[in-house]
>>> print(open('coords10.txt').read())   # compact mmCIF, N, CA and C atoms
# COMPACT_ATOMS: atom_id res chain seq x y z
N MET A 1 0.83 -1.18 0.00
CA MET A 1 0.00 0.00 0.00
C MET A 1 0.89 1.25 0.00
N THR A 2 0.33 2.30 -0.52
CA THR A 2 1.05 3.57 -0.60
C THR A 2 0.45 4.54 0.41
N TYR A 3 1.32 5.19 1.16
CA TYR A 3 0.91 6.14 2.19
C TYR A 3 1.66 7.45 2.01
N VAL A 4 1.00 8.53 2.39
CA VAL A 4 1.59 9.86 2.33
C VAL A 4 1.53 10.45 3.72
N TYR A 5 2.68 10.95 4.20
CA TYR A 5 2.56 11.78 5.40
C TYR A 5 2.88 13.21 5.04
N LEU A 6 1.92 14.05 5.37
CA LEU A 6 1.98 15.49 5.12
C LEU A 6 2.46 16.16 6.39
N MET A 7 3.48 16.99 6.28
CA MET A 7 4.06 17.63 7.46
C MET A 7 3.78 19.13 7.45
N ASP A 8 3.59 19.66 8.65
CA ASP A 8 3.36 21.08 8.85
C ASP A 8 4.41 21.59 9.85
N ASN A 9 5.08 22.68 9.52
CA ASN A 9 6.14 23.22 10.37
C ASN A 9 5.59 23.72 11.70
N LYS A 10 6.36 23.45 12.78
CA LYS A 10 6.00 23.94 14.11
C LYS A 10 7.14 24.72 14.76
N LYS A 11 8.38 24.38 14.43
CA LYS A 11 9.55 25.07 14.97
C LYS A 11 10.53 25.33 13.83
N ALA A 12 11.36 26.33 14.02
CA ALA A 12 12.39 26.64 13.02
C ALA A 12 13.34 25.46 12.87
N LEU A 13 13.76 25.21 11.64
CA LEU A 13 14.66 24.11 11.34
C LEU A 13 16.11 24.57 11.37
N SER A 14 16.96 23.77 11.99
CA SER A 14 18.40 24.04 11.98
C SER A 14 19.06 23.16 10.92
N LYS A 15 20.25 23.50 10.56
CA LYS A 15 21.00 22.69 9.59
C LYS A 15 21.16 21.26 10.10
N ASP A 16 21.41 21.12 11.39
CA ASP A 16 21.61 19.80 12.00
C ASP A 16 20.37 18.92 11.85
N ILE A 17 19.19 19.45 12.14
CA ILE A 17 17.97 18.64 12.06
C ILE A 17 17.63 18.32 10.60
N VAL A 18 17.91 19.24 9.69
CA VAL A 18 17.67 18.96 8.27
C VAL A 18 18.59 17.82 7.81
N GLU A 19 19.85 17.84 8.24
CA GLU A 19 20.78 16.77 7.87
C GLU A 19 20.33 15.43 8.44
N LYS A 20 19.80 15.41 9.67
CA LYS A 20 19.29 14.16 10.26
C LYS A 20 18.09 13.65 9.47
N HIS A 21 17.23 14.56 9.06
CA HIS A 21 16.06 14.20 8.25
C HIS A 21 16.51 13.59 6.91
N VAL A 22 17.48 14.21 6.26
CA VAL A 22 17.99 13.70 4.98
C VAL A 22 18.60 12.31 5.16
N GLN A 23 19.34 12.11 6.22
CA GLN A 23 19.91 10.78 6.47
C GLN A 23 18.81 9.75 6.67
N TYR A 24 17.74 10.14 7.34
CA TYR A 24 16.61 9.26 7.54
C TYR A 24 15.95 8.92 6.20
N LEU A 25 15.79 9.92 5.34
CA LEU A 25 15.21 9.67 4.01
C LEU A 25 16.09 8.72 3.20
N LYS A 26 17.39 8.87 3.29
CA LYS A 26 18.31 7.98 2.58
C LYS A 26 18.14 6.54 3.06
N LYS A 27 17.97 6.37 4.37
CA LYS A 27 17.75 5.05 4.94
C LYS A 27 16.45 4.45 4.40
N LEU A 28 15.38 5.25 4.36
CA LEU A 28 14.11 4.78 3.81
C LEU A 28 14.24 4.41 2.34
N ASP A 29 14.97 5.23 1.60
CA ASP A 29 15.18 4.97 0.17
C ASP A 29 15.94 3.66 -0.03
N ASN A 30 16.99 3.47 0.74
CA ASN A 30 17.80 2.25 0.63
C ASN A 30 17.01 1.00 0.99
N SER A 31 16.00 1.15 1.86
CA SER A 31 15.18 0.00 2.27
C SER A 31 14.03 -0.27 1.30
N GLY A 32 13.86 0.60 0.30
CA GLY A 32 12.78 0.43 -0.67
C GLY A 32 11.44 0.97 -0.22
N LYS A 33 11.41 1.69 0.89
CA LYS A 33 10.15 2.24 1.42
C LYS A 33 9.80 3.60 0.82
N LEU A 34 10.79 4.40 0.47
CA LEU A 34 10.56 5.76 0.00
C LEU A 34 10.24 5.78 -1.50
N ILE A 35 9.13 6.42 -1.84
CA ILE A 35 8.75 6.60 -3.25
C ILE A 35 9.12 8.00 -3.72
N LEU A 36 8.76 8.99 -2.92
CA LEU A 36 8.93 10.39 -3.32
C LEU A 36 8.84 11.25 -2.07
N CYS A 37 9.56 12.37 -2.05
CA CYS A 37 9.46 13.28 -0.91
C CYS A 37 9.92 14.67 -1.32
N GLY A 38 9.58 15.65 -0.51
CA GLY A 38 10.07 17.00 -0.75
C GLY A 38 9.26 18.05 -0.01
N PRO A 39 9.85 19.24 0.08
CA PRO A 39 9.15 20.36 0.71
C PRO A 39 8.20 21.02 -0.29
N PHE A 40 7.18 21.65 0.23
CA PHE A 40 6.28 22.44 -0.62
C PHE A 40 6.91 23.81 -0.85
N THR A 41 6.71 24.37 -2.00
CA THR A 41 7.24 25.70 -2.29
C THR A 41 6.23 26.80 -1.97
N ASP A 42 4.98 26.42 -1.78
CA ASP A 42 3.93 27.41 -1.52
C ASP A 42 3.22 27.19 -0.18
N TYR A 43 3.84 26.39 0.69
CA TYR A 43 3.23 26.04 1.97
C TYR A 43 4.35 25.67 2.93
N GLU A 44 4.19 25.99 4.18
CA GLU A 44 5.20 25.67 5.19
C GLU A 44 5.12 24.20 5.60
N GLY A 45 5.76 23.34 4.87
CA GLY A 45 5.76 21.93 5.19
C GLY A 45 6.24 21.11 4.02
N GLY A 46 5.96 19.82 4.06
CA GLY A 46 6.37 18.94 2.99
C GLY A 46 5.64 17.62 3.09
N MET A 47 6.06 16.66 2.25
CA MET A 47 5.42 15.36 2.27
C MET A 47 6.42 14.26 1.98
N VAL A 48 6.07 13.07 2.42
CA VAL A 48 6.85 11.87 2.16
C VAL A 48 5.86 10.80 1.70
N ILE A 49 6.14 10.16 0.57
CA ILE A 49 5.29 9.10 0.06
C ILE A 49 6.05 7.78 0.23
N LEU A 50 5.37 6.82 0.85
CA LEU A 50 5.98 5.56 1.24
C LEU A 50 5.24 4.36 0.68
N GLU A 51 5.95 3.27 0.51
CA GLU A 51 5.35 1.97 0.21
C GLU A 51 5.53 1.14 1.48
N CYS A 52 4.40 0.79 2.12
CA CYS A 52 4.44 0.06 3.39
C CYS A 52 3.44 -1.09 3.38
N ASN A 53 3.60 -2.00 4.32
CA ASN A 53 2.69 -3.14 4.44
C ASN A 53 1.33 -2.73 4.99
N ASN A 54 1.31 -1.72 5.86
CA ASN A 54 0.06 -1.29 6.48
C ASN A 54 0.24 0.10 7.07
N ILE A 55 -0.86 0.68 7.52
CA ILE A 55 -0.81 2.05 8.04
C ILE A 55 -0.01 2.14 9.33
N GLU A 56 0.02 1.07 10.10
CA GLU A 56 0.80 1.09 11.34
C GLU A 56 2.29 1.25 11.03
N GLU A 57 2.76 0.55 10.00
CA GLU A 57 4.16 0.68 9.59
C GLU A 57 4.44 2.09 9.09
N ALA A 58 3.53 2.63 8.29
CA ALA A 58 3.70 4.00 7.78
C ALA A 58 3.71 5.01 8.93
N ARG A 59 2.84 4.82 9.90
CA ARG A 59 2.79 5.72 11.06
C ARG A 59 4.09 5.64 11.87
N ALA A 60 4.60 4.43 12.05
CA ALA A 60 5.85 4.26 12.80
C ALA A 60 7.01 4.94 12.07
N ILE A 61 7.03 4.84 10.75
CA ILE A 61 8.08 5.50 9.97
C ILE A 61 7.96 7.02 10.12
N ALA A 62 6.75 7.54 9.99
CA ALA A 62 6.55 8.99 10.13
C ALA A 62 6.98 9.47 11.51
N GLU A 63 6.59 8.75 12.54
CA GLU A 63 6.90 9.17 13.90
C GLU A 63 8.38 9.04 14.25
N SER A 64 9.12 8.26 13.46
CA SER A 64 10.57 8.14 13.66
C SER A 64 11.36 9.16 12.84
N ASP A 65 10.68 9.90 11.97
CA ASP A 65 11.34 10.96 11.21
C ASP A 65 11.86 12.00 12.20
N PRO A 66 13.14 12.38 12.12
CA PRO A 66 13.67 13.37 13.06
C PRO A 66 12.88 14.67 13.12
N PHE A 67 12.29 15.09 12.01
CA PHE A 67 11.45 16.30 12.02
C PHE A 67 10.27 16.13 12.97
N ILE A 68 9.64 14.99 12.93
CA ILE A 68 8.44 14.74 13.73
C ILE A 68 8.83 14.34 15.15
N GLU A 69 9.77 13.44 15.25
CA GLU A 69 10.24 12.97 16.55
C GLU A 69 10.74 14.12 17.42
N GLY A 70 11.39 15.10 16.78
CA GLY A 70 11.93 16.24 17.51
C GLY A 70 10.95 17.38 17.72
N GLY A 71 9.71 17.22 17.24
CA GLY A 71 8.70 18.26 17.43
C GLY A 71 8.82 19.43 16.47
N TYR A 72 9.62 19.29 15.42
CA TYR A 72 9.77 20.37 14.45
C TYR A 72 8.58 20.45 13.50
N LYS A 73 7.93 19.31 13.32
CA LYS A 73 6.77 19.27 12.42
C LYS A 73 5.72 18.33 13.02
N THR A 74 4.47 18.60 12.68
CA THR A 74 3.40 17.66 12.94
C THR A 74 3.10 16.96 11.62
N TYR A 75 2.29 15.91 11.68
CA TYR A 75 1.99 15.20 10.43
C TYR A 75 0.57 14.68 10.42
N GLU A 76 0.09 14.45 9.22
CA GLU A 76 -1.15 13.73 8.95
C GLU A 76 -0.78 12.63 7.97
N ILE A 77 -1.40 11.48 8.12
CA ILE A 77 -1.10 10.37 7.20
C ILE A 77 -2.35 10.04 6.39
N ARG A 78 -2.12 9.71 5.13
CA ARG A 78 -3.20 9.37 4.21
C ARG A 78 -2.81 8.13 3.40
N THR A 79 -3.79 7.32 3.07
CA THR A 79 -3.59 6.17 2.19
C THR A 79 -3.87 6.64 0.77
N LEU A 80 -2.96 6.35 -0.13
CA LEU A 80 -3.07 6.82 -1.51
C LEU A 80 -3.32 5.65 -2.45
N SER A 81 -4.36 5.76 -3.25
CA SER A 81 -4.61 4.79 -4.31
C SER A 81 -4.02 5.39 -5.58
N ILE A 82 -2.92 4.83 -6.03
CA ILE A 82 -2.22 5.39 -7.18
C ILE A 82 -3.00 5.12 -8.46
N ALA A 83 -3.19 6.17 -9.23
CA ALA A 83 -3.84 6.07 -10.54
C ALA A 83 -2.80 6.49 -11.58
N ASN A 84 -2.57 5.60 -12.55
CA ASN A 84 -1.59 5.90 -13.59
C ASN A 84 -1.92 5.12 -14.86
N ARG A 85 -1.07 5.24 -15.83
CA ARG A 85 -1.25 4.57 -17.12
C ARG A 85 -1.40 3.06 -16.95
N ASP A 86 -0.60 2.49 -16.03
CA ASP A 86 -0.61 1.04 -15.85
C ASP A 86 -1.95 0.48 -15.37
N ASN A 87 -2.71 1.29 -14.63
CA ASN A 87 -4.02 0.83 -14.15
C ASN A 87 -5.17 1.64 -14.73
N ASN A 88 -4.93 2.21 -15.90
CA ASN A 88 -5.93 3.02 -16.61
C ASN A 88 -6.47 4.15 -15.72
N TYR A 89 -5.56 4.73 -14.96
CA TYR A 89 -5.88 5.88 -14.11
C TYR A 89 -7.00 5.60 -13.13
N GLY A 90 -6.99 4.38 -12.59
CA GLY A 90 -7.93 4.03 -11.54
C GLY A 90 -9.29 3.54 -11.99
N LEU A 91 -9.51 3.44 -13.29
CA LEU A 91 -10.82 2.96 -13.77
C LEU A 91 -10.94 1.47 -13.63
>>> encode(input="coords10.txt", output="structure tokens")
Amino acid sequence: MTYVYLMDNKKALSKDIVEKHVQYLKKLDNSGKLILCGPFTDYEGGMVILECNNIEEARAIAESDPFIEGGYKTYEIRTLSIANRDNNYGL
């Protein structure tokens, strides 16, 4: 299943916490869990898209993100049904 965690800024970010977050993303990528991630350019926050076995796994990953674990961001999690060419855009 595909999950998205949407993050909202709560505290100013330091270079150190951003580097910890990036290292965490690299770990997720290397494990095959990370699909896509990035900050929003028109909103104070960002998102991470994951491939997980269930929502509990996705929630545990989100809560272990240094941004969230350290209280720098809050998050909401959503289950995403991917629509693309391969599945006729969900039809």
>>> closest_atom_pairs(input="coords10.txt", of="region 46-89 of chain A", to="region 14-37 of chain A", cutoff="6.5 Å", atoms="only N, CA and C atoms", output="Markdown table")
| residue | atom | partner | partner_atom | distance |
| --- | --- | --- | --- | --- |
| A:Met47 | C | A:Cys37 | CA | 4.3 |
| A:Val48 | CA | A:Cys37 | CA | 4.3 |
| A:Ile49 | N | A:Leu36 | C | 3.9 |
| A:Leu50 | CA | A:Lys33 | C | 4.3 |
| A:Glu51 | N | A:Lys33 | C | 3.9 |
| A:Cys52 | N | A:Lys33 | CA | 6.0 |
| A:Asp65 | C | A:His21 | CA | 6.2 |
| A:Pro66 | N | A:His21 | CA | 5.2 |
| A:Phe67 | N | A:His21 | CA | 5.4 |
>>> write_last_selection(input="coords10.txt", atoms="N, CA and C atoms", output="short mmCIF file (atom, residue, chain, number, x, y, z; two decimals), in the coordinates of the input")
data_model
loop_
_atom_site.label_atom_id
_atom_site.label_comp_id
_atom_site.auth_asym_id
_atom_site.auth_seq_id
_atom_site.Cartn_x
_atom_site.Cartn_y
_atom_site.Cartn_z
N MET A 47 6.06 16.66 2.25
CA MET A 47 5.42 15.36 2.27
C MET A 47 6.42 14.26 1.98
N VAL A 48 6.07 13.07 2.42
CA VAL A 48 6.85 11.87 2.16
C VAL A 48 5.86 10.80 1.70
N ILE A 49 6.14 10.16 0.57
CA ILE A 49 5.29 9.10 0.06
C ILE A 49 6.05 7.78 0.23
N LEU A 50 5.37 6.82 0.85
CA LEU A 50 5.98 5.56 1.24
C LEU A 50 5.24 4.36 0.68
N GLU A 51 5.95 3.27 0.51
CA GLU A 51 5.35 1.97 0.21
C GLU A 51 5.53 1.14 1.48
N CYS A 52 4.40 0.79 2.12
CA CYS A 52 4.44 0.06 3.39
C CYS A 52 3.44 -1.09 3.38
N ASP A 65 10.68 9.90 11.97
CA ASP A 65 11.34 10.96 11.21
C ASP A 65 11.86 12.00 12.20
N PRO A 66 13.14 12.38 12.12
CA PRO A 66 13.67 13.37 13.06
C PRO A 66 12.88 14.67 13.12
N PHE A 67 12.29 15.09 12.01
CA PHE A 67 11.45 16.30 12.02
C PHE A 67 10.27 16.13 12.97
#
>>> closest_residue(input="coords10.txt", among="A:Thr41, A:Asn88, A:Asn53, A:Asn9", to="Tyr75 (chain A)", atoms="only N, CA and C atoms")
A:Asn9
>>> select_by_dssp(input="coords10.txt", residues="chain A", states="helix (DSSP H, G or I)", output="mmCIF file with N, CA and C atoms, in the frame of the given file")
data_model
loop_
_atom_site.group_PDB
_atom_site.id
_atom_site.type_symbol
_atom_site.label_atom_id
_atom_site.label_comp_id
_atom_site.auth_asym_id
_atom_site.auth_seq_id
_atom_site.Cartn_x
_atom_site.Cartn_y
_atom_site.Cartn_z
ATOM 1 N N LYS A 15 20.250 23.500 10.560
ATOM 2 C CA LYS A 15 21.000 22.690 9.590
ATOM 3 C C LYS A 15 21.160 21.260 10.100
ATOM 4 N N ASP A 16 21.410 21.120 11.390
ATOM 5 C CA ASP A 16 21.610 19.800 12.000
ATOM 6 C C ASP A 16 20.370 18.920 11.850
ATOM 7 N N ILE A 17 19.190 19.450 12.140
ATOM 8 C CA ILE A 17 17.970 18.640 12.060
ATOM 9 C C ILE A 17 17.630 18.320 10.600
ATOM 10 N N VAL A 18 17.910 19.240 9.690
ATOM 11 C CA VAL A 18 17.670 18.960 8.270
ATOM 12 C C VAL A 18 18.590 17.820 7.810
ATOM 13 N N GLU A 19 19.850 17.840 8.240
ATOM 14 C CA GLU A 19 20.780 16.770 7.870
ATOM 15 C C GLU A 19 20.330 15.430 8.440
ATOM 16 N N LYS A 20 19.800 15.410 9.670
ATOM 17 C CA LYS A 20 19.290 14.160 10.260
ATOM 18 C C LYS A 20 18.090 13.650 9.470
ATOM 19 N N HIS A 21 17.230 14.560 9.060
ATOM 20 C CA HIS A 21 16.060 14.200 8.250
ATOM 21 C C HIS A 21 16.510 13.590 6.910
ATOM 22 N N VAL A 22 17.480 14.210 6.260
ATOM 23 C CA VAL A 22 17.990 13.700 4.980
ATOM 24 C C VAL A 22 18.600 12.310 5.160
ATOM 25 N N GLN A 23 19.340 12.110 6.220
ATOM 26 C CA GLN A 23 19.910 10.780 6.470
ATOM 27 C C GLN A 23 18.810 9.750 6.670
ATOM 28 N N TYR A 24 17.740 10.140 7.340
ATOM 29 C CA TYR A 24 16.610 9.260 7.540
ATOM 30 C C TYR A 24 15.950 8.920 6.200
ATOM 31 N N LEU A 25 15.790 9.920 5.340
ATOM 32 C CA LEU A 25 15.210 9.670 4.010
ATOM 33 C C LEU A 25 16.090 8.720 3.200
ATOM 34 N N LYS A 26 17.390 8.870 3.290
ATOM 35 C CA LYS A 26 18.310 7.980 2.580
ATOM 36 C C LYS A 26 18.140 6.540 3.060
ATOM 37 N N LYS A 27 17.970 6.370 4.370
ATOM 38 C CA LYS A 27 17.750 5.050 4.940
ATOM 39 C C LYS A 27 16.450 4.450 4.400
ATOM 40 N N LEU A 28 15.380 5.250 4.360
ATOM 41 C CA LEU A 28 14.110 4.780 3.810
ATOM 42 C C LEU A 28 14.240 4.410 2.340
ATOM 43 N N ASP A 29 14.970 5.230 1.600
ATOM 44 C CA ASP A 29 15.180 4.970 0.170
ATOM 45 C C ASP A 29 15.940 3.660 -0.030
ATOM 46 N N ASN A 30 16.990 3.470 0.740
ATOM 47 C CA ASN A 30 17.800 2.250 0.630
ATOM 48 C C ASN A 30 17.010 1.000 0.990
ATOM 49 N N ILE A 55 -0.860 0.680 7.520
ATOM 50 C CA ILE A 55 -0.810 2.050 8.040
ATOM 51 C C ILE A 55 -0.010 2.140 9.330
ATOM 52 N N GLU A 56 0.020 1.070 10.100
ATOM 53 C CA GLU A 56 0.800 1.090 11.340
ATOM 54 C C GLU A 56 2.290 1.250 11.030
ATOM 55 N N GLU A 57 2.760 0.550 10.000
ATOM 56 C CA GLU A 57 4.160 0.680 9.590
ATOM 57 C C GLU A 57 4.440 2.090 9.090
ATOM 58 N N ALA A 58 3.530 2.630 8.290
ATOM 59 C CA ALA A 58 3.700 4.000 7.780
ATOM 60 C C ALA A 58 3.710 5.010 8.930
ATOM 61 N N ARG A 59 2.840 4.820 9.900
ATOM 62 C CA ARG A 59 2.790 5.720 11.060
ATOM 63 C C ARG A 59 4.090 5.640 11.870
ATOM 64 N N ALA A 60 4.600 4.430 12.050
ATOM 65 C CA ALA A 60 5.850 4.260 12.800
ATOM 66 C C ALA A 60 7.010 4.940 12.070
ATOM 67 N N ILE A 61 7.030 4.840 10.750
ATOM 68 C CA ILE A 61 8.080 5.500 9.970
ATOM 69 C C ILE A 61 7.960 7.020 10.120
ATOM 70 N N ALA A 62 6.750 7.540 9.990
ATOM 71 C CA ALA A 62 6.550 8.990 10.130
ATOM 72 C C ALA A 62 6.980 9.470 11.510
ATOM 73 N N GLU A 63 6.590 8.750 12.540
ATOM 74 C CA GLU A 63 6.900 9.170 13.900
ATOM 75 C C GLU A 63 8.380 9.040 14.250
ATOM 76 N N SER A 64 9.120 8.260 13.460
ATOM 77 C CA SER A 64 10.570 8.140 13.660
ATOM 78 C C SER A 64 11.360 9.160 12.840
ATOM 79 N N PRO A 66 13.140 12.380 12.120
ATOM 80 C CA PRO A 66 13.670 13.370 13.060
ATOM 81 C C PRO A 66 12.880 14.670 13.120
ATOM 82 N N PHE A 67 12.290 15.090 12.010
ATOM 83 C CA PHE A 67 11.450 16.300 12.020
ATOM 84 C C PHE A 67 10.270 16.130 12.970
ATOM 85 N N ILE A 68 9.640 14.990 12.930
ATOM 86 C CA ILE A 68 8.440 14.740 13.730
ATOM 87 C C ILE A 68 8.830 14.340 15.150
ATOM 88 N N GLU A 69 9.770 13.440 15.250
ATOM 89 C CA GLU A 69 10.240 12.970 16.550
ATOM 90 C C GLU A 69 10.740 14.120 17.420
ATOM 91 N N ARG A 85 -1.070 5.240 -15.830
ATOM 92 C CA ARG A 85 -1.250 4.570 -17.120
ATOM 93 C C ARG A 85 -1.400 3.060 -16.950
ATOM 94 N N ASP A 86 -0.600 2.490 -16.030
ATOM 95 C CA ASP A 86 -0.610 1.040 -15.850
ATOM 96 C C ASP A 86 -1.950 0.480 -15.370
ATOM 97 N N ASN A 87 -2.710 1.290 -14.630
ATOM 98 C CA ASN A 87 -4.020 0.830 -14.150
ATOM 99 C C ASN A 87 -5.170 1.640 -14.730
ATOM 100 N N ASN A 88 -4.930 2.210 -15.900
ATOM 101 C CA ASN A 88 -5.930 3.020 -16.610
ATOM 102 C C ASN A 88 -6.470 4.150 -15.720
ATOM 103 N N TYR A 89 -5.560 4.730 -14.960
ATOM 104 C CA TYR A 89 -5.880 5.880 -14.110
ATOM 105 C C TYR A 89 -7.000 5.600 -13.130
ATOM 106 N N GLY A 90 -6.990 4.380 -12.590
ATOM 107 C CA GLY A 90 -7.930 4.030 -11.540
ATOM 108 C C GLY A 90 -9.290 3.540 -11.990
#
>>> closest_residue(input="coords10.txt", among="A:Asp8, A:Thr2, A:Gly71, A:Asp86", to="Gly46 (chain A)", atoms="only N, CA and C atoms")
A:Asp8
>>> atom_distance(input="coords10.txt", atom1="atom N of Ala83 (chain A)", atom2="atom C of Val4 (chain A)")
14.4 Å
>>> closest_residue(input="coords10.txt", among="A:Ile68, A:Leu6, A:Ile55, A:Ala62", to="Phe40 (chain A)", atoms="only C-alpha atoms")
A:Leu6
>>> select_by_dssp(input="coords10.txt", residues="chain A", states="strand (DSSP E)", output="list in words")
Thr2, Tyr3, Val4, Tyr5, Leu6, Met7, Asp8, Asn9, Leu34, Ile35, Leu36, Cys37, Gly38, Pro39, Gly45, Gly46, Met47, Val48, Ile49, Leu50, Glu51, Lys73, Thr74, Tyr75, Glu76, Ile77, Arg78, Thr79 and Leu80 of chain A
>>> write_last_selection(input="coords10.txt", atoms="N, CA and C atoms", output="PDB file, in the frame of the given file")
ATOM      1  N   THR A   2       0.330   2.300  -0.520  1.00  0.00           N
ATOM      2  CA  THR A   2       1.050   3.570  -0.600  1.00  0.00           C
ATOM      3  C   THR A   2       0.450   4.540   0.410  1.00  0.00           C
ATOM      4  N   TYR A   3       1.320   5.190   1.160  1.00  0.00           N
ATOM      5  CA  TYR A   3       0.910   6.140   2.190  1.00  0.00           C
ATOM      6  C   TYR A   3       1.660   7.450   2.010  1.00  0.00           C
ATOM      7  N   VAL A   4       1.000   8.530   2.390  1.00  0.00           N
ATOM      8  CA  VAL A   4       1.590   9.860   2.330  1.00  0.00           C
ATOM      9  C   VAL A   4       1.530  10.450   3.720  1.00  0.00           C
ATOM     10  N   TYR A   5       2.680  10.950   4.200  1.00  0.00           N
ATOM     11  CA  TYR A   5       2.560  11.780   5.400  1.00  0.00           C
ATOM     12  C   TYR A   5       2.880  13.210   5.040  1.00  0.00           C
ATOM     13  N   LEU A   6       1.920  14.050   5.370  1.00  0.00           N
ATOM     14  CA  LEU A   6       1.980  15.490   5.120  1.00  0.00           C
ATOM     15  C   LEU A   6       2.460  16.160   6.390  1.00  0.00           C
ATOM     16  N   MET A   7       3.480  16.990   6.280  1.00  0.00           N
ATOM     17  CA  MET A   7       4.060  17.630   7.460  1.00  0.00           C
ATOM     18  C   MET A   7       3.780  19.130   7.450  1.00  0.00           C
ATOM     19  N   ASP A   8       3.590  19.660   8.650  1.00  0.00           N
ATOM     20  CA  ASP A   8       3.360  21.080   8.850  1.00  0.00           C
ATOM     21  C   ASP A   8       4.410  21.590   9.850  1.00  0.00           C
ATOM     22  N   ASN A   9       5.080  22.680   9.520  1.00  0.00           N
ATOM     23  CA  ASN A   9       6.140  23.220  10.370  1.00  0.00           C
ATOM     24  C   ASN A   9       5.590  23.720  11.700  1.00  0.00           C
ATOM     25  N   LEU A  34      10.790   4.400   0.470  1.00  0.00           N
ATOM     26  CA  LEU A  34      10.560   5.760   0.000  1.00  0.00           C
ATOM     27  C   LEU A  34      10.240   5.780  -1.500  1.00  0.00           C
ATOM     28  N   ILE A  35       9.130   6.420  -1.840  1.00  0.00           N
ATOM     29  CA  ILE A  35       8.750   6.600  -3.250  1.00  0.00           C
ATOM     30  C   ILE A  35       9.120   8.000  -3.720  1.00  0.00           C
ATOM     31  N   LEU A  36       8.760   8.990  -2.920  1.00  0.00           N
ATOM     32  CA  LEU A  36       8.930  10.390  -3.320  1.00  0.00           C
ATOM     33  C   LEU A  36       8.840  11.250  -2.070  1.00  0.00           C
ATOM     34  N   CYS A  37       9.560  12.370  -2.050  1.00  0.00           N
ATOM     35  CA  CYS A  37       9.460  13.280  -0.910  1.00  0.00           C
ATOM     36  C   CYS A  37       9.920  14.670  -1.320  1.00  0.00           C
ATOM     37  N   GLY A  38       9.580  15.650  -0.510  1.00  0.00           N
ATOM     38  CA  GLY A  38      10.070  17.000  -0.750  1.00  0.00           C
ATOM     39  C   GLY A  38       9.260  18.050  -0.010  1.00  0.00           C
ATOM     40  N   PRO A  39       9.850  19.240   0.080  1.00  0.00           N
ATOM     41  CA  PRO A  39       9.150  20.360   0.710  1.00  0.00           C
ATOM     42  C   PRO A  39       8.200  21.020  -0.290  1.00  0.00           C
ATOM     43  N   GLY A  45       5.760  23.340   4.870  1.00  0.00           N
ATOM     44  CA  GLY A  45       5.760  21.930   5.190  1.00  0.00           C
ATOM     45  C   GLY A  45       6.240  21.110   4.020  1.00  0.00           C
ATOM     46  N   GLY A  46       5.960  19.820   4.060  1.00  0.00           N
ATOM     47  CA  GLY A  46       6.370  18.940   2.990  1.00  0.00           C
ATOM     48  C   GLY A  46       5.640  17.620   3.090  1.00  0.00           C
ATOM     49  N   MET A  47       6.060  16.660   2.250  1.00  0.00           N
ATOM     50  CA  MET A  47       5.420  15.360   2.270  1.00  0.00           C
ATOM     51  C   MET A  47       6.420  14.260   1.980  1.00  0.00           C
ATOM     52  N   VAL A  48       6.070  13.070   2.420  1.00  0.00           N
ATOM     53  CA  VAL A  48       6.850  11.870   2.160  1.00  0.00           C
ATOM     54  C   VAL A  48       5.860  10.800   1.700  1.00  0.00           C
ATOM     55  N   ILE A  49       6.140  10.160   0.570  1.00  0.00           N
ATOM     56  CA  ILE A  49       5.290   9.100   0.060  1.00  0.00           C
ATOM     57  C   ILE A  49       6.050   7.780   0.230  1.00  0.00           C
ATOM     58  N   LEU A  50       5.370   6.820   0.850  1.00  0.00           N
ATOM     59  CA  LEU A  50       5.980   5.560   1.240  1.00  0.00           C
ATOM     60  C   LEU A  50       5.240   4.360   0.680  1.00  0.00           C
ATOM     61  N   GLU A  51       5.950   3.270   0.510  1.00  0.00           N
ATOM     62  CA  GLU A  51       5.350   1.970   0.210  1.00  0.00           C
ATOM     63  C   GLU A  51       5.530   1.140   1.480  1.00  0.00           C
ATOM     64  N   LYS A  73       7.930  19.310  13.320  1.00  0.00           N
ATOM     65  CA  LYS A  73       6.770  19.270  12.420  1.00  0.00           C
ATOM     66  C   LYS A  73       5.720  18.330  13.020  1.00  0.00           C
ATOM     67  N   THR A  74       4.470  18.600  12.680  1.00  0.00           N
ATOM     68  CA  THR A  74       3.400  17.660  12.940  1.00  0.00           C
ATOM     69  C   THR A  74       3.100  16.960  11.620  1.00  0.00           C
ATOM     70  N   TYR A  75       2.290  15.910  11.680  1.00  0.00           N
ATOM     71  CA  TYR A  75       1.990  15.200  10.430  1.00  0.00           C
ATOM     72  C   TYR A  75       0.570  14.680  10.420  1.00  0.00           C
ATOM     73  N   GLU A  76       0.090  14.450   9.220  1.00  0.00           N
ATOM     74  CA  GLU A  76      -1.150  13.730   8.950  1.00  0.00           C
ATOM     75  C   GLU A  76      -0.780  12.630   7.970  1.00  0.00           C
ATOM     76  N   ILE A  77      -1.400  11.480   8.120  1.00  0.00           N
ATOM     77  CA  ILE A  77      -1.100  10.370   7.200  1.00  0.00           C
ATOM     78  C   ILE A  77      -2.350  10.040   6.390  1.00  0.00           C
ATOM     79  N   ARG A  78      -2.120   9.710   5.130  1.00  0.00           N
ATOM     80  CA  ARG A  78      -3.200   9.370   4.210  1.00  0.00           C
ATOM     81  C   ARG A  78      -2.810   8.130   3.400  1.00  0.00           C
ATOM     82  N   THR A  79      -3.790   7.320   3.070  1.00  0.00           N
ATOM     83  CA  THR A  79      -3.590   6.170   2.190  1.00  0.00           C
ATOM     84  C   THR A  79      -3.870   6.640   0.770  1.00  0.00           C
ATOM     85  N   LEU A  80      -2.960   6.350  -0.130  1.00  0.00           N
ATOM     86  CA  LEU A  80      -3.070   6.820  -1.510  1.00  0.00           C
ATOM     87  C   LEU A  80      -3.320   5.650  -2.450  1.00  0.00           C
TER      88      LEU A  80
END
>>> atom_distance(input="coords10.txt", atom1="CA of Ile61 (chain A)", atom2="CA of Tyr5 (chain A)")
9.5 Å
>>> residues_near_point(input="coords10.txt", point="(12.6, 22.5, 14.1)", cutoff="6 Å", atoms="all atoms listed in the file", output="PyMOL selection string")
chain A and resi 10-14+71-73
>>> residues_near_point(input="coords10.txt", point="(0.9, 9.2, 11.5)", cutoff="6.5 Å", atoms="all atoms listed in the file", output="VMD selection string")
chain A and resid 58 to 60 62 to 63 75 to 77
